[in-house]
file run-v1.cif (mmCIF, C-alpha atoms and all ligand atoms)
data_final
loop_
_atom_site.group_PDB
_atom_site.id
_atom_site.type_symbol
_atom_site.label_atom_id
_atom_site.label_comp_id
_atom_site.auth_asym_id
_atom_site.auth_seq_id
_atom_site.Cartn_x
_atom_site.Cartn_y
_atom_site.Cartn_z
ATOM 1 C CA MET A 1 0.000 0.000 0.000
ATOM 2 C CA ASP A 2 1.483 3.224 -1.087
ATOM 3 C CA THR A 3 0.649 6.816 -1.711
ATOM 4 C CA PRO A 4 0.545 7.532 -5.471
ATOM 5 C CA LEU A 5 3.583 9.334 -6.845
ATOM 6 C CA SER A 6 3.223 13.044 -7.449
ATOM 7 C CA ALA A 7 3.262 14.153 -11.081
ATOM 8 C CA ALA A 8 6.837 15.387 -10.716
ATOM 9 C CA LYS A 9 7.992 12.167 -9.042
ATOM 10 C CA THR A 10 6.302 10.128 -11.775
ATOM 11 C CA LEU A 11 8.246 12.007 -14.437
ATOM 12 C CA ASP A 12 11.478 11.627 -12.469
ATOM 13 C CA ALA A 13 10.970 7.887 -12.096
ATOM 14 C CA LEU A 14 10.173 7.313 -15.769
ATOM 15 C CA LYS A 15 13.084 9.420 -16.976
ATOM 16 C CA ALA A 16 15.502 7.785 -14.534
ATOM 17 C CA GLU A 17 14.528 4.430 -16.040
ATOM 18 C CA GLY A 18 15.683 5.726 -19.409
ATOM 19 C CA LEU A 19 12.362 6.712 -20.959
ATOM 20 C CA THR A 20 11.635 9.751 -23.075
ATOM 21 C CA VAL A 21 8.363 11.081 -21.711
ATOM 22 C CA HIS A 22 5.900 13.277 -23.620
ATOM 23 C CA GLU A 23 3.418 15.290 -21.606
ATOM 24 C CA HIS A 24 -0.138 15.825 -22.866
ATOM 25 C CA SER A 25 -1.245 19.341 -22.006
ATOM 26 C CA GLY A 26 -3.265 19.332 -18.808
ATOM 27 C CA TRP A 27 -2.257 15.820 -17.750
ATOM 28 C CA THR A 28 -1.213 16.710 -14.209
ATOM 29 C CA THR A 29 -4.762 17.689 -13.270
ATOM 30 C CA HIS A 30 -6.648 15.329 -15.574
ATOM 31 C CA ASN A 31 -8.404 12.613 -13.527
ATOM 32 C CA ARG A 32 -11.717 11.266 -12.269
ATOM 33 C CA ASP A 33 -11.216 12.083 -8.590
ATOM 34 C CA SER A 34 -13.665 14.946 -8.181
ATOM 35 C CA ALA A 35 -16.206 13.551 -10.670
ATOM 36 C CA THR A 36 -16.501 10.327 -8.689
ATOM 37 C CA GLY A 37 -15.750 11.719 -5.252
ATOM 38 C CA LYS A 38 -13.170 8.970 -4.891
ATOM 39 C CA ALA A 39 -9.489 9.734 -4.562
ATOM 40 C CA PHE A 40 -6.811 7.687 -6.281
ATOM 41 C CA GLY A 41 -4.728 5.525 -3.971
ATOM 42 C CA PRO A 42 -3.330 3.894 -2.011
ATOM 43 C CA VAL A 43 -1.754 2.172 -5.001
ATOM 44 C CA ILE A 44 -0.798 -1.500 -5.114
ATOM 45 C CA GLY A 45 0.406 -2.191 -8.643
ATOM 46 C CA VAL A 46 0.519 -1.439 -12.357
ATOM 47 C CA LEU A 47 -1.838 -2.694 -15.035
ATOM 48 C CA ILE A 48 -1.006 -3.304 -18.695
ATOM 49 C CA HIS A 49 -3.534 -2.921 -21.532
ATOM 50 C CA HIS A 50 -3.646 -2.870 -25.304
ATOM 51 C CA THR A 51 -5.897 -0.219 -26.820
ATOM 52 C CA ALA A 52 -7.436 -2.504 -29.490
ATOM 53 C CA GLY A 53 -6.980 0.320 -31.966
ATOM 54 C CA HIS A 54 -4.581 2.699 -33.639
ATOM 55 C CA GLY A 55 -4.127 6.453 -33.301
ATOM 56 C CA ASP A 56 -6.096 6.497 -30.054
ATOM 57 C CA ARG A 57 -4.050 8.774 -27.816
ATOM 58 C CA GLU A 58 -6.714 11.512 -27.761
ATOM 59 C CA LEU A 59 -9.442 8.934 -27.276
ATOM 60 C CA CYS A 60 -7.583 7.698 -24.203
ATOM 61 C CA TYR A 61 -7.302 11.276 -22.947
ATOM 62 C CA ASN A 62 -10.904 12.316 -23.635
ATOM 63 C CA GLY A 63 -12.713 9.013 -23.208
ATOM 64 C CA ARG A 64 -15.726 7.653 -25.087
ATOM 65 C CA SER A 65 -19.415 8.531 -24.931
ATOM 66 C CA ASP A 66 -19.980 5.621 -22.562
ATOM 67 C CA LEU A 67 -16.774 6.038 -20.535
ATOM 68 C CA PRO A 68 -15.308 9.438 -19.660
ATOM 69 C CA GLY A 69 -11.557 9.946 -19.853
ATOM 70 C CA PRO A 70 -8.862 9.645 -18.863
ATOM 71 C CA LEU A 71 -8.802 5.970 -19.847
ATOM 72 C CA CYS A 72 -5.259 5.423 -18.591
ATOM 73 C CA HIS A 73 -2.379 7.239 -16.935
ATOM 74 C CA THR A 74 0.057 6.667 -19.753
ATOM 75 C CA TRP A 75 -0.417 5.940 -23.450
ATOM 76 C CA LEU A 76 2.347 4.217 -25.386
ATOM 77 C CA GLY A 77 2.252 4.669 -29.139
ATOM 78 C CA LYS A 78 3.479 2.156 -31.647
ATOM 79 C CA THR A 79 5.896 4.777 -32.928
ATOM 80 C CA ASP A 80 4.703 7.967 -31.168
ATOM 81 C CA GLY A 81 6.438 7.316 -27.869
ATOM 82 C CA LEU A 82 5.227 7.414 -24.288
ATOM 83 C CA TRP A 83 2.669 10.049 -23.255
ATOM 84 C CA MET A 84 1.466 11.053 -19.813
ATOM 85 C CA LEU A 85 -2.304 11.607 -20.039
ATOM 86 C CA ALA A 86 -3.497 11.638 -16.458
ATOM 87 C CA HIS A 87 -2.552 11.971 -12.825
ATOM 88 C CA GLY A 88 -5.021 10.589 -10.321
ATOM 89 C CA ARG A 89 -7.964 8.303 -10.841
ATOM 90 C CA ALA A 90 -8.418 7.010 -14.412
ATOM 91 C CA ASN A 91 -11.035 4.776 -16.026
ATOM 92 C CA HIS A 92 -8.795 1.922 -17.130
ATOM 93 C CA ALA A 93 -9.262 -1.073 -14.865
ATOM 94 C CA GLY A 94 -12.981 -1.042 -14.090
ATOM 95 C CA ALA A 95 -14.475 -3.678 -11.814
ATOM 96 C CA VAL A 96 -11.917 -6.331 -11.010
ATOM 97 C CA ASP A 97 -11.464 -9.448 -8.900
ATOM 98 C CA LEU A 98 -10.727 -8.655 -5.245
ATOM 99 C CA ASP A 99 -8.767 -11.907 -4.792
ATOM 100 C CA VAL A 100 -6.443 -10.833 -7.591
ATOM 101 C CA LEU A 101 -6.006 -7.368 -6.068
ATOM 102 C CA ASN A 102 -5.122 -8.955 -2.731
ATOM 103 C CA ALA A 103 -2.564 -11.218 -4.424
ATOM 104 C CA LEU A 104 -1.055 -8.239 -6.255
ATOM 105 C CA ARG A 105 -0.834 -6.306 -3.009
ATOM 106 C CA ALA A 106 0.917 -9.275 -1.348
ATOM 107 C CA GLU A 107 3.015 -9.933 -4.486
ATOM 108 C CA LYS A 108 1.780 -13.505 -4.635
ATOM 109 C CA LYS A 109 0.901 -15.670 -7.643
ATOM 110 C CA LEU A 110 -2.283 -14.294 -9.163
ATOM 111 C CA PRO A 111 -5.394 -16.468 -8.796
ATOM 112 C CA ASN A 112 -7.902 -16.860 -11.617
ATOM 113 C CA ASP A 113 -10.041 -13.764 -12.132
ATOM 114 C CA ASN A 114 -13.599 -15.008 -11.804
ATOM 115 C CA GLN A 115 -15.354 -12.094 -10.123
ATOM 116 C CA ALA A 116 -15.725 -8.377 -10.712
ATOM 117 C CA ASN A 117 -16.247 -7.267 -7.123
ATOM 118 C CA ALA A 118 -13.677 -4.523 -6.507
ATOM 119 C CA ASP A 119 -12.723 -1.150 -7.961
ATOM 120 C CA GLY A 120 -9.455 -1.417 -9.863
ATOM 121 C CA ASN A 121 -9.325 2.286 -10.719
ATOM 122 C CA ASP A 122 -8.667 3.093 -7.057
ATOM 123 C CA CYS A 123 -5.344 1.401 -6.775
ATOM 124 C CA LEU A 124 -3.700 0.621 -10.111
ATOM 125 C CA TYR A 125 -1.589 2.661 -12.485
ATOM 126 C CA GLY A 126 -2.649 1.985 -16.072
ATOM 127 C CA LEU A 127 -0.681 1.822 -19.301
ATOM 128 C CA GLU A 128 -2.512 1.613 -22.629
ATOM 129 C CA ILE A 129 -0.327 0.234 -25.426
ATOM 130 C CA GLU A 130 -1.396 1.162 -28.956
ATOM 131 C CA ASN A 131 -2.033 -2.201 -30.609
ATOM 132 C CA LEU A 132 -4.975 -3.873 -32.338
ATOM 133 C CA GLY A 133 -4.606 -6.834 -30.003
ATOM 134 C CA ASN A 134 -5.672 -9.253 -32.726
ATOM 135 C CA GLY A 135 -2.548 -11.410 -32.569
ATOM 136 C CA LYS A 136 -1.437 -10.120 -35.982
ATOM 137 C CA ASP A 137 -0.446 -6.600 -35.019
ATOM 138 C CA PRO A 138 3.126 -6.802 -33.725
ATOM 139 C CA TYR A 139 4.501 -4.833 -30.805
ATOM 140 C CA PRO A 140 7.700 -3.295 -32.190
ATOM 141 C CA ASP A 141 10.696 -4.057 -29.984
ATOM 142 C CA ALA A 142 11.114 -0.398 -29.070
ATOM 143 C CA GLN A 143 7.471 -0.128 -27.978
ATOM 144 C CA TYR A 144 7.556 -3.324 -25.925
ATOM 145 C CA HIS A 145 10.800 -2.238 -24.299
ATOM 146 C CA GLN A 146 9.254 1.093 -23.282
ATOM 147 C CA ALA A 147 6.343 -0.768 -21.683
ATOM 148 C CA VAL A 148 8.814 -2.821 -19.646
ATOM 149 C CA LEU A 149 10.644 0.344 -18.577
ATOM 150 C CA TRP A 150 7.373 2.062 -17.637
ATOM 151 C CA ALA A 151 6.332 -0.815 -15.375
ATOM 152 C CA ALA A 152 9.822 -1.161 -13.908
ATOM 153 C CA ALA A 153 10.064 2.569 -13.198
ATOM 154 C CA LEU A 154 6.849 2.626 -11.162
ATOM 155 C CA CYS A 155 7.723 -0.616 -9.355
ATOM 156 C CA ARG A 156 11.169 0.707 -8.540
ATOM 157 C CA ALA A 157 9.790 4.008 -7.245
ATOM 158 C CA HIS A 158 7.442 2.154 -4.907
ATOM 159 C CA GLY A 159 9.873 -0.590 -3.913
ATOM 160 C CA TRP A 160 7.706 -3.245 -5.583
ATOM 161 C CA SER A 161 8.893 -6.336 -7.434
ATOM 162 C CA GLU A 162 7.673 -7.509 -10.858
ATOM 163 C CA LYS A 163 4.930 -9.358 -8.968
ATOM 164 C CA SER A 164 3.092 -6.034 -8.633
ATOM 165 C CA VAL A 165 2.565 -6.046 -12.413
ATOM 166 C CA ALA A 166 -0.597 -7.485 -13.992
ATOM 167 C CA GLY A 167 -2.370 -7.528 -17.317
ATOM 168 C CA HIS A 168 -5.979 -6.375 -17.603
ATOM 169 C CA LYS A 169 -6.864 -9.929 -18.703
ATOM 170 C CA GLU A 170 -5.575 -11.201 -15.354
ATOM 171 C CA VAL A 171 -7.723 -8.970 -13.151
ATOM 172 C CA GLN A 172 -11.063 -8.538 -14.925
ATOM 173 C CA PRO A 173 -13.088 -11.518 -16.202
ATOM 174 C CA GLY A 174 -13.696 -11.335 -19.962
ATOM 175 C CA LYS A 175 -10.764 -9.054 -20.768
ATOM 176 C CA VAL A 176 -8.140 -10.259 -23.262
ATOM 177 C CA ASP A 177 -5.594 -7.459 -23.065
ATOM 178 C CA PRO A 178 -2.735 -7.265 -23.434
ATOM 179 C CA SER A 179 -2.271 -9.816 -26.229
ATOM 180 C CA PHE A 180 1.239 -10.788 -25.113
ATOM 181 C CA ASP A 181 2.159 -13.192 -22.337
ATOM 182 C CA MET A 182 2.232 -11.552 -18.915
ATOM 183 C CA ASP A 183 4.654 -14.057 -17.341
ATOM 184 C CA ASP A 184 7.093 -13.102 -20.093
ATOM 185 C CA PHE A 185 6.451 -9.437 -19.447
ATOM 186 C CA ARG A 186 7.006 -9.815 -15.700
ATOM 187 C CA ALA A 187 10.238 -11.707 -16.403
ATOM 188 C CA ASP A 188 11.384 -8.739 -18.494
ATOM 189 C CA VAL A 189 10.404 -6.278 -15.749
ATOM 190 C CA LYS A 190 12.307 -8.399 -13.237
ATOM 191 C CA LYS A 191 15.386 -8.262 -15.463
ATOM 192 C CA GLN A 192 15.062 -4.487 -15.743
ATOM 193 C CA LEU A 193 14.628 -4.092 -11.980
ATOM 194 C CA ALA A 194 17.872 -6.012 -11.482
ATOM 195 C CA VAL A 195 19.699 -3.227 -13.314
ATOM 196 C CA THR A 196 21.016 -0.870 -10.680
ATOM 197 C CA LYS A 197 20.064 2.725 -11.328
ATOM 198 C CA THR A 198 22.940 4.778 -10.039
ATOM 199 C CA ALA A 199 24.740 7.694 -11.605
ATOM 200 C CA PRO A 200 27.955 6.586 -13.274
ATOM 201 C CA SER A 201 30.892 6.960 -10.924
ATOM 202 C CA LYS A 202 32.858 10.131 -11.507
ATOM 203 C CA THR A 203 36.114 8.507 -10.429
ATOM 204 C CA THR A 204 36.219 5.839 -13.110
ATOM 205 C CA LYS A 205 38.219 6.595 -16.211
ATOM 206 C CA PRO A 206 35.904 7.725 -18.992
ATOM 207 C CA SER A 207 35.596 5.053 -21.638
ATOM 208 C CA THR A 208 35.026 5.725 -25.318
ATOM 209 C CA PRO A 209 31.544 7.061 -26.140
ATOM 210 C CA SER A 210 30.632 4.086 -28.294
ATOM 211 C CA LYS A 211 31.309 1.763 -25.380
ATOM 212 C CA THR A 212 29.306 3.677 -22.809
ATOM 213 C CA THR A 213 26.161 3.790 -24.946
ATOM 214 C CA LYS A 214 26.161 0.116 -25.852
ATOM 215 C CA PRO A 215 24.336 -2.318 -23.559
ATOM 216 C CA THR A 216 26.766 -4.671 -21.863
ATOM 217 C CA GLY A 217 27.456 -7.823 -23.758
ATOM 218 C CA THR A 218 25.802 -6.794 -27.018
ATOM 219 C CA ALA A 219 28.997 -6.840 -29.014
ATOM 220 C CA SER A 220 30.193 -10.191 -27.749
ATOM 221 C CA LYS A 221 27.032 -12.170 -28.462
ATOM 222 C CA PRO A 222 26.893 -14.368 -31.559
ATOM 223 C CA ARG A 223 24.654 -13.256 -34.401
ATOM 224 C CA VAL A 224 21.848 -14.998 -36.192
ATOM 225 C CA ASP A 225 21.157 -13.882 -39.745
ATOM 226 C CA LEU A 226 17.377 -13.647 -40.101
ATOM 227 C CA SER A 227 17.155 -14.212 -43.855
ATOM 228 C CA ARG A 228 19.414 -17.268 -43.724
ATOM 229 C CA LEU A 229 17.410 -18.680 -40.825
ATOM 230 C CA ILE A 230 14.128 -18.169 -42.705
ATOM 231 C CA GLU A 231 15.669 -20.030 -45.647
ATOM 232 C CA ALA A 232 16.571 -22.899 -43.321
ATOM 233 C CA ALA A 233 13.107 -23.021 -41.743
ATOM 234 C CA GLN A 234 11.526 -23.138 -45.196
ATOM 235 C CA ALA A 235 13.944 -25.625 -46.760
ATOM 236 C CA ASP A 236 14.947 -28.117 -44.073
ATOM 237 C CA PRO A 237 11.601 -29.701 -43.107
ATOM 238 C CA ALA A 238 10.819 -30.756 -46.703
ATOM 239 C CA ARG A 239 14.268 -32.238 -47.321
ATOM 240 C CA LYS A 240 15.514 -35.533 -46.010
ATOM 241 C CA GLN A 241 15.981 -35.852 -42.259
ATOM 242 C CA GLY A 242 18.845 -33.779 -40.961
ATOM 243 C CA HIS A 243 19.224 -31.501 -43.987
ATOM 244 C CA VAL A 244 21.385 -28.532 -43.020
ATOM 245 C CA THR A 245 20.922 -25.069 -44.552
ATOM 246 C CA TYR A 246 22.292 -22.793 -41.809
ATOM 247 C CA MET A 247 24.051 -24.744 -39.085
ATOM 248 C CA ALA A 248 25.188 -21.981 -36.706
ATOM 249 C CA GLY A 249 21.986 -19.918 -36.722
ATOM 250 C CA THR A 250 19.740 -22.959 -36.431
ATOM 251 C CA ASN A 251 21.712 -24.330 -33.491
ATOM 252 C CA LEU A 252 21.514 -21.006 -31.636
ATOM 253 C CA THR A 253 17.782 -20.730 -32.287
ATOM 254 C CA GLU A 254 17.218 -24.295 -31.137
ATOM 255 C CA ALA A 255 19.332 -23.752 -28.028
ATOM 256 C CA ALA A 256 17.134 -20.754 -27.191
ATOM 257 C CA LEU A 257 13.938 -22.768 -27.756
ATOM 258 C CA VAL A 258 15.321 -25.525 -25.512
ATOM 259 C CA LYS A 259 16.244 -22.993 -22.847
ATOM 260 C CA LEU A 260 12.675 -21.667 -22.760
ATOM 261 C CA GLY A 261 11.148 -25.134 -22.765
ATOM 262 C CA TYR A 262 9.643 -25.109 -26.269
ATOM 263 C CA LEU A 263 11.888 -27.786 -27.742
ATOM 264 C CA ALA A 264 13.161 -31.069 -26.295
ATOM 265 C CA LYS A 265 16.924 -31.183 -26.091
ATOM 266 C CA THR A 266 17.093 -34.324 -28.229
ATOM 267 C CA TYR A 267 15.860 -32.360 -31.249
ATOM 268 C CA ALA A 268 18.423 -29.590 -30.916
ATOM 269 C CA GLY A 269 21.946 -29.207 -32.108
ATOM 270 C CA ASP A 270 22.114 -31.100 -35.419
ATOM 271 C CA GLY A 271 21.954 -27.852 -37.410
ATOM 272 C CA SER A 272 18.766 -28.820 -39.215
ATOM 273 C CA PHE A 273 15.662 -26.606 -38.876
ATOM 274 C CA GLY A 274 13.299 -29.573 -39.084
ATOM 275 C CA SER A 275 9.539 -29.754 -38.645
ATOM 276 C CA THR A 276 9.856 -30.242 -34.869
ATOM 277 C CA THR A 277 11.816 -26.996 -34.648
ATOM 278 C CA VAL A 278 9.205 -25.254 -36.812
ATOM 279 C CA ALA A 279 6.487 -26.481 -34.440
ATOM 280 C CA ALA A 280 8.499 -25.349 -31.413
ATOM 281 C CA TYR A 281 9.076 -21.933 -32.972
ATOM 282 C CA ALA A 282 5.337 -21.628 -33.687
ATOM 283 C CA LYS A 283 4.681 -22.160 -29.957
ATOM 284 C CA TRP A 284 7.070 -19.315 -29.180
ATOM 285 C CA GLN A 285 5.203 -17.075 -31.651
ATOM 286 C CA HIS A 286 1.895 -17.993 -29.993
ATOM 287 C CA HIS A 287 3.471 -17.098 -26.686
ATOM 288 C CA LEU A 288 4.236 -13.621 -28.026
ATOM 289 C CA GLY A 289 0.612 -13.142 -28.993
ATOM 290 C CA TYR A 290 0.705 -14.077 -32.673
ATOM 291 C CA THR A 291 -1.961 -16.293 -34.201
ATOM 292 C CA GLY A 292 -2.744 -17.919 -37.551
ATOM 293 C CA ALA A 293 -0.242 -17.304 -40.348
ATOM 294 C CA GLU A 294 1.764 -15.049 -38.039
ATOM 295 C CA ALA A 295 2.512 -18.074 -35.867
ATOM 296 C CA ASN A 296 3.532 -20.503 -38.603
ATOM 297 C CA GLY A 297 6.921 -21.392 -37.145
ATOM 298 C CA ILE A 298 8.906 -19.379 -39.696
ATOM 299 C CA PRO A 299 11.017 -16.852 -37.748
ATOM 300 C CA GLY A 300 10.302 -13.134 -38.082
ATOM 301 C CA LYS A 301 12.408 -10.190 -37.002
ATOM 302 C CA ILE A 302 10.477 -9.372 -33.840
ATOM 303 C CA SER A 303 9.965 -12.925 -32.605
ATOM 304 C CA LEU A 304 13.591 -13.842 -33.257
ATOM 305 C CA SER A 305 14.966 -10.701 -31.616
ATOM 306 C CA ARG A 306 12.752 -11.364 -28.617
ATOM 307 C CA LEU A 307 14.047 -14.946 -28.463
ATOM 308 C CA GLY A 308 17.664 -13.793 -28.580
ATOM 309 C CA ASP A 309 17.055 -11.120 -25.952
ATOM 310 C CA ARG A 310 15.091 -13.351 -23.608
ATOM 311 C CA THR A 311 17.722 -16.059 -23.586
ATOM 312 C CA GLY A 312 20.718 -13.777 -23.990
ATOM 313 C CA LEU A 313 22.088 -16.224 -26.549
ATOM 314 C CA PHE A 314 22.313 -14.126 -29.720
ATOM 315 C CA ASN A 315 21.620 -10.910 -31.552
ATOM 316 C CA VAL A 316 19.751 -10.788 -34.836
ATOM 317 C CA VAL A 317 21.053 -9.326 -38.048
ATOM 318 C CA ALA A 318 18.573 -8.808 -40.841
HETATM 319 ZN ZN ZN A 401 -7.731 -3.017 -20.806
#
call {"tool": "encode", "arguments": {"input": "run-v1.cif", "output": "structure tokens", "more": "lines below"}}
Ligand SMILES: [Zn+2]
result
Amino acid sequence: MDTPLSAAKTLDALKAEGLTVHEHSGWTTHNRDSATGKAFGPVIGVLIHHTAGHGDRELCYNGRSDLPGPLCHTWLGKTDGLWMLAHGRANHAGAVDLDVLNALRAEKKLPNDNQANADGNDCLYGLEIENLGNGKDPYPDAQYHQAVLWAAALCRAHGWSEKSVAGHKEVQPGKVDPSFDMDDFRADVKKQLAVTKTAPSKTTKPSTPSKTTKPTGTASKPRVDLSRLIEAAQADPARKQGHVTYMAGTNLTEAALVKLGYLAKTYAGDGSFGSTTVAAYAKWQHHLGYTGAEANGIPGKISLSRLGDRTGLFNVVA
């Protein structure tokens, strides 16, 4: 239980996490507190949504005819960046499951949401991510990363762990947002929270600019060439067992799929992107929120980059 951050502290926290923050005019006093007679807070966690649309920043600020704005605290565009829209109570969570709220507050594993018996707008910060949410509309890496930073920033400011993060679909029965996997998202927030946020020491010798701006380890990781891997995934299954198109890239991809539990170890490491690997890769795509032809087991730039990042095994070159 915590007092909500002031507008200034919110900005400080987001910027300290590395985010560029845009401010909608009027956001610091835009809320539903006086209209409902209910103040925002104490706060217990952060809630992630997809907007189910495009170009909906103003809609999230103003609201709809049936639901007055603000509809979230922060709106994250596909390419338009992160925008503060509200400070205080916002209409984003609606009626939610009290058992889930209690678990969030205690940072315990979330139970199934099967009731709508508590007010989620009282106690949750809300992020709306611009995405159709249909499983075909990808979350660009940069957008997803900003969502992770947003959640981590608020958790860090309150001293919460990643277990104070939930998706709308986890707290309100019938909701499907966001369309990506929330355990994955929490794992990414956890990783971000493990990064210590301290000012660089003044006493250390300044290193070259290119080195200071690069994330640690990026340069030393092996690379997987996306187009060669796609070729392998398209060619190998139809050829005779064990056909090898791109040994190094396939082995790294398979090692990553094994690491995340999508592929049995016995199928990995022979350099062939066979049908079992295609099926395992399709599961990974499903996990990221893709469906249908977007989850056909043929690697794409976003899914492969995410796989390399999650496992720390490789970087992708396209
Ligand atoms: Zn939602």
call {"tool": "residues_around", "arguments": {"input": "run-v1.cif", "residues": "A:Leu132", "least_positions_apart": "6", "cutoff": "9 Å", "atoms": "all atoms listed in the file", "output": "short mmCIF file (atom, residue, chain, number, x, y, z; two decimals) with C-alpha atoms, keeping the file's coordinate frame"}}
result
data_model
loop_
_atom_site.label_atom_id
_atom_site.label_comp_id
_atom_site.auth_asym_id
_atom_site.auth_seq_id
_atom_site.Cartn_x
_atom_site.Cartn_y
_atom_site.Cartn_z
CA HIS A 50 -3.65 -2.87 -25.30
CA THR A 51 -5.90 -0.22 -26.82
CA ALA A 52 -7.44 -2.50 -29.49
CA GLY A 53 -6.98 0.32 -31.97
CA HIS A 54 -4.58 2.70 -33.64
CA PRO A 138 3.13 -6.80 -33.72
CA SER A 179 -2.27 -9.82 -26.23
#
call {"tool": "residues_near_ligand", "arguments": {"input": "run-v1.cif", "ligand": "ligand ZN 401 (chain A)", "cutoff": "6 Å", "atoms": "only C-alpha atoms and all ligand atoms", "output": "MDAnalysis selection string"}}
result
chainID A and resid 49 168 177
call {"tool": "resolve_selection", "arguments": {"input": "run-v1.cif", "expression": "the PyMOL selection byres (((chain A and resi 317) around 6) and not hetatm)", "output": "VMD selection string"}}
result
chain A and resid 225 316 318
call {"tool": "closest_residue", "arguments": {"input": "run-v1.cif", "among": "A:Ala280, A:Ala7, A:Val43, A:Val171", "to": "A:Gly159", "atoms": "only C-alpha atoms"}}
result
A:Val43
call {"tool": "resolve_selection", "arguments": {"input": "run-v1.cif", "expression": "the PyMOL selection byres (((chain A and resi 285) around 10) and not hetatm)", "output": "ChimeraX atom specification"}}
result
/A:135,180,279-284,286-292,294-300,302-304,306-307
call {"tool": "closest_residue", "arguments": {"input": "run-v1.cif", "among": "A:Val278, A:Val148, A:Ile129, A:Val224", "to": "A:Asp236", "atoms": "only C-alpha atoms"}}
result
A:Val278
call {"tool": "resolve_selection", "arguments": {"input": "run-v1.cif", "expression": "the PyMOL selection byres (((chain A and resi 268) around 7) and not hetatm)", "output": "JSON, numbers by chain"}}
result
{"A": [251, 254, 255, 265, 266, 267, 269, 270]}
call {"tool": "residues_around", "arguments": {"input": "run-v1.cif", "residues": "A:Cys123", "least_positions_apart": "6", "cutoff": "9 Å", "atoms": "all atoms listed in the file", "output": "PyMOL selection string"}}
result
chain A and resi 1+4+40-46+89+101
call {"tool": "closest_residue", "arguments": {"input": "run-v1.cif", "among": "A:Val176, A:Ala238, A:Leu19, A:Leu226", "to": "A:Leu252", "atoms": "only C-alpha atoms"}}
result
A:Leu226
call {"tool": "residues_near_point", "arguments": {"input": "run-v1.cif", "point": "(2.9, -1.1, -23.6)", "cutoff": "10 Å", "atoms": "only C-alpha atoms", "output": "PDB file with C-alpha atoms, in the coordinates of the input"}}
result
ATOM      1  CA  LEU A  47      -1.838  -2.694 -15.035  1.00  0.00           C
ATOM      2  CA  ILE A  48      -1.006  -3.304 -18.695  1.00  0.00           C
ATOM      3  CA  HIS A  49      -3.534  -2.921 -21.532  1.00  0.00           C
ATOM      4  CA  HIS A  50      -3.646  -2.870 -25.304  1.00  0.00           C
ATOM      5  CA  THR A  51      -5.897  -0.219 -26.820  1.00  0.00           C
ATOM      6  CA  THR A  74       0.057   6.667 -19.753  1.00  0.00           C
ATOM      7  CA  TRP A  75      -0.417   5.940 -23.450  1.00  0.00           C
ATOM      8  CA  LEU A  76       2.347   4.217 -25.386  1.00  0.00           C
ATOM      9  CA  GLY A  77       2.252   4.669 -29.139  1.00  0.00           C
ATOM     10  CA  LYS A  78       3.479   2.156 -31.647  1.00  0.00           C
ATOM     11  CA  LEU A  82       5.227   7.414 -24.288  1.00  0.00           C
ATOM     12  CA  GLY A 126      -2.649   1.985 -16.072  1.00  0.00           C
ATOM     13  CA  LEU A 127      -0.681   1.822 -19.301  1.00  0.00           C
ATOM     14  CA  GLU A 128      -2.512   1.613 -22.629  1.00  0.00           C
ATOM     15  CA  ILE A 129      -0.327   0.234 -25.426  1.00  0.00           C
ATOM     16  CA  GLU A 130      -1.396   1.162 -28.956  1.00  0.00           C
ATOM     17  CA  ASN A 131      -2.033  -2.201 -30.609  1.00  0.00           C
ATOM     18  CA  TYR A 139       4.501  -4.833 -30.805  1.00  0.00           C
ATOM     19  CA  ALA A 142      11.114  -0.398 -29.070  1.00  0.00           C
ATOM     20  CA  GLN A 143       7.471  -0.128 -27.978  1.00  0.00           C
ATOM     21  CA  TYR A 144       7.556  -3.324 -25.925  1.00  0.00           C
ATOM     22  CA  HIS A 145      10.800  -2.238 -24.299  1.00  0.00           C
ATOM     23  CA  GLN A 146       9.254   1.093 -23.282  1.00  0.00           C
ATOM     24  CA  ALA A 147       6.343  -0.768 -21.683  1.00  0.00           C
ATOM     25  CA  VAL A 148       8.814  -2.821 -19.646  1.00  0.00           C
ATOM     26  CA  LEU A 149      10.644   0.344 -18.577  1.00  0.00           C
ATOM     27  CA  TRP A 150       7.373   2.062 -17.637  1.00  0.00           C
ATOM     28  CA  ALA A 151       6.332  -0.815 -15.375  1.00  0.00           C
ATOM     29  CA  PRO A 178      -2.735  -7.265 -23.434  1.00  0.00           C
ATOM     30  CA  PHE A 180       1.239 -10.788 -25.113  1.00  0.00           C
ATOM     31  CA  PHE A 185       6.451  -9.437 -19.447  1.00  0.00           C
TER      32      PHE A 185
END
call {"tool": "residues_near_point", "arguments": {"input": "run-v1.cif", "point": "(5.2, -9.5, -15.3)", "cutoff": "8 Å", "atoms": "all atoms listed in the file", "output": "MDAnalysis selection string"}}
result
chainID A and resid 162:166 182:190
call {"tool": "residues_around", "arguments": {"input": "run-v1.cif", "residues": "A:Gln172", "least_positions_apart": "6", "cutoff": "8 Å", "atoms": "only C-alpha atoms", "output": "PDB file with C-alpha atoms, keeping the file's coordinate frame"}}
result
ATOM      1  CA  ALA A  93      -9.262  -1.073 -14.865  1.00  0.00           C
ATOM      2  CA  GLY A  94     -12.981  -1.042 -14.090  1.00  0.00           C
ATOM      3  CA  ALA A  95     -14.475  -3.678 -11.814  1.00  0.00           C
ATOM      4  CA  VAL A  96     -11.917  -6.331 -11.010  1.00  0.00           C
ATOM      5  CA  ASP A  97     -11.464  -9.448  -8.900  1.00  0.00           C
ATOM      6  CA  ASP A 113     -10.041 -13.764 -12.132  1.00  0.00           C
ATOM      7  CA  ASN A 114     -13.599 -15.008 -11.804  1.00  0.00           C
ATOM      8  CA  GLN A 115     -15.354 -12.094 -10.123  1.00  0.00           C
ATOM      9  CA  ALA A 116     -15.725  -8.377 -10.712  1.00  0.00           C
TER      10      ALA A 116
END
